[in-house]
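Structure file protein.txt; described as compact mmCIF, C-alpha atoms.
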# COMPACT_ATOMS: atom_id res chain seq x y z
CA MET E 360 12.77 4.79 1.22
CA ASP E 361 15.19 7.01 3.08
CA GLY E 362 15.56 10.76 2.67
CA LYS E 363 11.86 11.65 2.80
CA ASP E 364 10.80 15.24 3.30
CA VAL E 365 7.48 16.15 4.87
CA VAL E 366 5.51 19.37 4.75
CA PRO E 367 5.01 21.40 7.95
CA VAL E 368 2.27 19.99 10.20
CA ALA E 369 0.01 23.03 9.66
CA GLU E 370 0.16 22.50 5.89
CA PHE E 371 -0.48 18.77 6.37
CA ALA E 372 -3.58 19.47 8.46
CA ALA E 373 -4.80 22.10 6.00
CA LYS E 374 -4.63 19.58 3.17
CA ILE E 375 -6.72 17.13 5.20
CA ARG E 376 -9.27 19.88 5.99
CA ALA E 377 -9.41 20.80 2.31
CA ALA E 378 -10.11 17.18 1.40
CA THR E 379 -12.81 16.80 4.04
CA ASP E 380 -14.41 20.10 3.03
CA ALA E 381 -14.46 19.02 -0.62
CA ARG E 382 -16.03 15.65 0.15
CA THR E 383 -19.51 15.31 -1.34
CA SER E 384 -20.34 11.83 -0.03
CA GLU E 385 -19.94 10.23 3.38
CA GLU E 386 -18.94 7.08 1.50
CA PHE E 387 -15.74 8.84 0.46
CA LEU E 388 -13.12 8.23 3.13
CA ILE E 389 -10.20 10.53 3.78
CA VAL E 390 -7.04 8.56 4.57
CA ALA E 391 -4.36 10.70 6.20
CA ARG E 392 -0.89 9.32 5.55
CA THR E 393 2.15 10.66 7.28
CA ASP E 394 5.69 9.69 6.44
CA ALA E 395 7.05 11.69 9.36
CA ARG E 396 8.09 8.63 11.40
CA ALA E 397 11.25 7.89 9.44
CA PRO E 398 12.74 11.39 9.20
CA LEU E 399 11.29 13.02 12.34
CA GLY E 400 10.43 10.24 14.78
CA LEU E 401 7.34 8.63 16.25
CA ASP E 402 6.35 11.62 18.41
CA GLU E 403 6.13 13.86 15.34
CA ALA E 404 4.20 11.18 13.44
CA ARG E 405 1.72 11.02 16.32
CA ARG E 406 1.44 14.81 16.38
CA ARG E 407 0.53 14.73 12.71
CA ALA E 408 -1.91 11.86 13.24
CA ASP E 409 -3.63 13.90 15.96
CA ALA E 410 -3.79 16.90 13.62
CA ALA E 411 -5.25 14.73 10.86
CA VAL E 412 -7.98 13.36 13.12
CA GLU E 413 -8.77 16.88 14.32
CA ALA E 414 -8.95 18.01 10.67
CA GLY E 415 -11.51 15.30 9.90
CA ALA E 416 -9.51 12.35 8.55
CA ASP E 417 -11.44 9.08 8.67
CA VAL E 418 -8.45 6.73 8.54
CA LEU E 419 -4.85 7.07 9.74
CA PHE E 420 -1.81 5.74 7.92
CA ILE E 421 1.38 6.22 9.92
CA GLU E 422 4.07 4.94 7.59
CA ALA E 423 7.23 3.07 8.64
CA LEU E 424 6.51 2.08 12.21
CA GLN E 425 9.79 0.46 13.19
CA SER E 426 9.11 -2.03 15.98
CA PRO E 427 6.37 -4.17 17.47
CA ASP E 428 6.28 -1.73 20.40
CA GLU E 429 5.62 1.21 18.05
CA ILE E 430 2.92 -0.73 16.26
CA GLN E 431 1.27 -1.59 19.58
CA ALA E 432 1.52 2.01 20.82
CA VAL E 433 -0.12 3.40 17.69
CA ALA E 434 -2.83 0.73 17.78
CA ASP E 435 -3.53 1.53 21.43
CA GLU E 436 -3.49 5.30 20.98
CA TYR E 437 -5.79 5.33 17.96
CA ARG E 438 -8.09 2.48 18.96
CA THR E 439 -11.18 4.44 17.85
CA THR E 440 -9.76 5.43 14.45
CA PRO E 441 -9.37 2.98 11.56
CA LEU E 442 -5.68 2.33 10.86
CA VAL E 443 -3.72 1.37 7.76
CA TYR E 444 -0.65 -0.88 7.91
CA ASN E 445 1.74 -0.93 4.97
CA TRP E 446 3.28 -4.42 4.72
CA VAL E 447 6.32 -4.03 2.48
CA GLU E 448 8.93 -6.70 1.97
CA CYS E 449 12.23 -5.63 3.55
CA GLY E 450 10.68 -2.36 4.67
CA LYS E 451 11.26 -0.56 7.96
CA SER E 452 8.16 -2.03 9.61
CA PRO E 453 8.19 -5.49 11.18
CA SER E 454 6.57 -8.30 9.21
CA LEU E 455 3.64 -9.18 11.42
CA THR E 456 0.93 -11.48 10.11
CA TYR E 457 -2.40 -10.26 8.87
CA ASP E 458 -4.11 -11.79 11.91
CA GLU E 459 -1.67 -10.13 14.34
CA LEU E 460 -2.21 -6.73 12.73
CA ALA E 461 -5.98 -7.15 12.63
CA GLU E 462 -6.01 -8.17 16.29
CA LEU E 463 -4.11 -4.99 17.15
CA GLY E 464 -6.76 -2.95 15.38
CA PHE E 465 -5.41 -2.28 11.91
CA THR E 466 -8.44 -2.34 9.64
CA LEU E 467 -6.73 -1.92 6.28
CA ILE E 468 -3.58 -3.92 5.69
CA ILE E 469 -2.01 -3.24 2.33
CA MET E 470 0.67 -5.26 0.60
CA PRO E 471 1.28 -2.94 -2.34
CA ILE E 472 4.34 -4.45 -3.99
CA THR E 473 4.21 -8.15 -3.13
CA ALA E 474 2.88 -9.23 -6.52
CA LEU E 475 5.17 -6.81 -8.35
CA LEU E 476 8.24 -8.16 -6.55
CA ALA E 477 7.18 -11.75 -7.22
CA ALA E 478 6.66 -10.96 -10.91
CA THR E 479 10.01 -9.16 -11.08
CA GLY E 480 11.77 -12.16 -9.53
CA ALA E 481 10.13 -14.49 -12.03
CA MET E 482 11.07 -12.22 -14.94
CA VAL E 483 14.70 -11.93 -13.84
CA SER E 484 14.96 -15.69 -13.38
CA THR E 485 13.30 -16.48 -16.70
CA LEU E 486 15.41 -13.95 -18.61
CA ALA E 487 18.62 -15.27 -17.03
CA ARG E 488 17.72 -18.80 -18.12
CA LEU E 489 16.75 -17.53 -21.57
CA LYS E 490 20.15 -15.85 -21.88
CA ALA E 491 21.96 -18.97 -20.70
CA VAL E 492 19.98 -21.49 -22.76
CA GLY E 493 18.95 -19.38 -25.76
CA THR E 494 15.29 -20.43 -25.80
CA PRO E 495 12.24 -19.92 -23.58
CA VAL E 496 11.20 -23.58 -23.86
CA HIS E 497 12.29 -24.24 -20.27
CA ALA E 498 9.75 -21.70 -18.99
CA GLN E 499 6.68 -23.10 -20.72
CA HIS E 500 5.66 -25.23 -17.73
CA GLU E 501 6.05 -22.25 -15.34
CA VAL E 502 3.99 -19.66 -17.15
CA PRO E 503 0.28 -19.43 -17.94
CA ALA E 504 -0.88 -20.32 -21.43
CA PHE E 505 -1.29 -17.27 -23.64
CA ALA E 506 -5.06 -17.81 -23.80
CA ASP E 507 -5.22 -17.84 -19.99
CA PHE E 508 -3.23 -14.60 -19.90
CA THR E 509 -5.52 -12.86 -22.39
CA ASP E 510 -8.56 -14.03 -20.40
CA LEU E 511 -7.00 -12.66 -17.21
CA ILE E 512 -6.38 -9.21 -18.67
CA GLY E 513 -9.90 -9.04 -20.15
CA LEU E 514 -9.08 -9.28 -23.84
CA PRO E 515 -12.28 -11.23 -24.70
CA GLU E 516 -14.38 -8.43 -23.20
CA ILE E 517 -12.38 -5.82 -25.11
CA LEU E 518 -12.82 -7.72 -28.37
CA ASP E 519 -16.55 -8.05 -27.66
CA LEU E 520 -16.82 -4.29 -27.17
CA ARG E 521 -14.83 -3.70 -30.32
CA GLN E 522 -17.17 -5.94 -32.29
CA ARG E 523 -20.27 -4.39 -30.75
CA TYR E 524 -19.23 -0.81 -31.51
CA THR E 525 -17.46 -1.20 -34.82

Written form, structure tokens:
Amino acid sequence: MDGKDVVPVAEFAAKIRAATDARTSEEFLIVARTDARAPLGLDEARRRADAAVEAGADVLFIEALQSPDEIQAVADEYRTTPLVYNWVECGKSPSLTYDELAELGFTLIIMPITALLAATGAMVSTLARLKAVGTPVHAQHEVPAFADFTDLIGLPEILDLRQRYT
């Protein structure tokens, strides 16, 4: 996503300090994300990462690293701090494998829109065929049975609760 704006670094650090001060359990982790790489460059993203660590962040998330060299540099520089890698299809960051990223030291590798993109592709394809053919019969072998779908989304549990509390 191009055209991102970021708050001044002092405000960024203050927000991290506020979050760490408000924390009531050590089990609650503060993840400091900076989107400064794309609009302001890697040096500014690192400056913000340093400020976040100083402010008490537990995990660093430097968004949109743009080359294997940048990924390696961040992994090397923040070796003692858990790191997040955002694996987005057709994003600005290179598509390294899970194992490659883990070996570099990224401890949380997220793939936030993979399933959504796959579902969108399937919907577009199915709807195009429905428009062309006029019936969804062709899709029946490609989609889960309705009962399997309702099981997946937890409908039996919801109906049980409804029955129990009606």

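Note that CA of Ala391 in chain E and CA of Gly415 in chain E are 9.3 Å apart.
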
Mind giving me the axis-aligned box for range 413-424 of chain E with 8 Å on every side, centre plus edges in Å to one decimal, as lines of an AutoDock Vina configuration file?
center_x = -2.1
center_y = 10.0
center_z = 11.0
size_x = 34.7
size_y = 31.9
size_z = 22.7

Coordinates-based distance that separates CA of Thr440 in chain E from CA of Ala411 in chain E (Å, one decimal): 10.9 Å

Surrounding residues of Thr439 in chain E excluding itself and chain neighbours under 3 positions, 12 Å, only C-alpha atoms, as a PyMOL selection string: chain E and resi 412+417-419+433-436+442+463-466

Spatial neighbours of Ile468 in chain E, 12 Å, all atoms listed in the file, chain gap at least 6 places, as a ChimeraX atom specification: /E:419-420,422,441-447,454-462
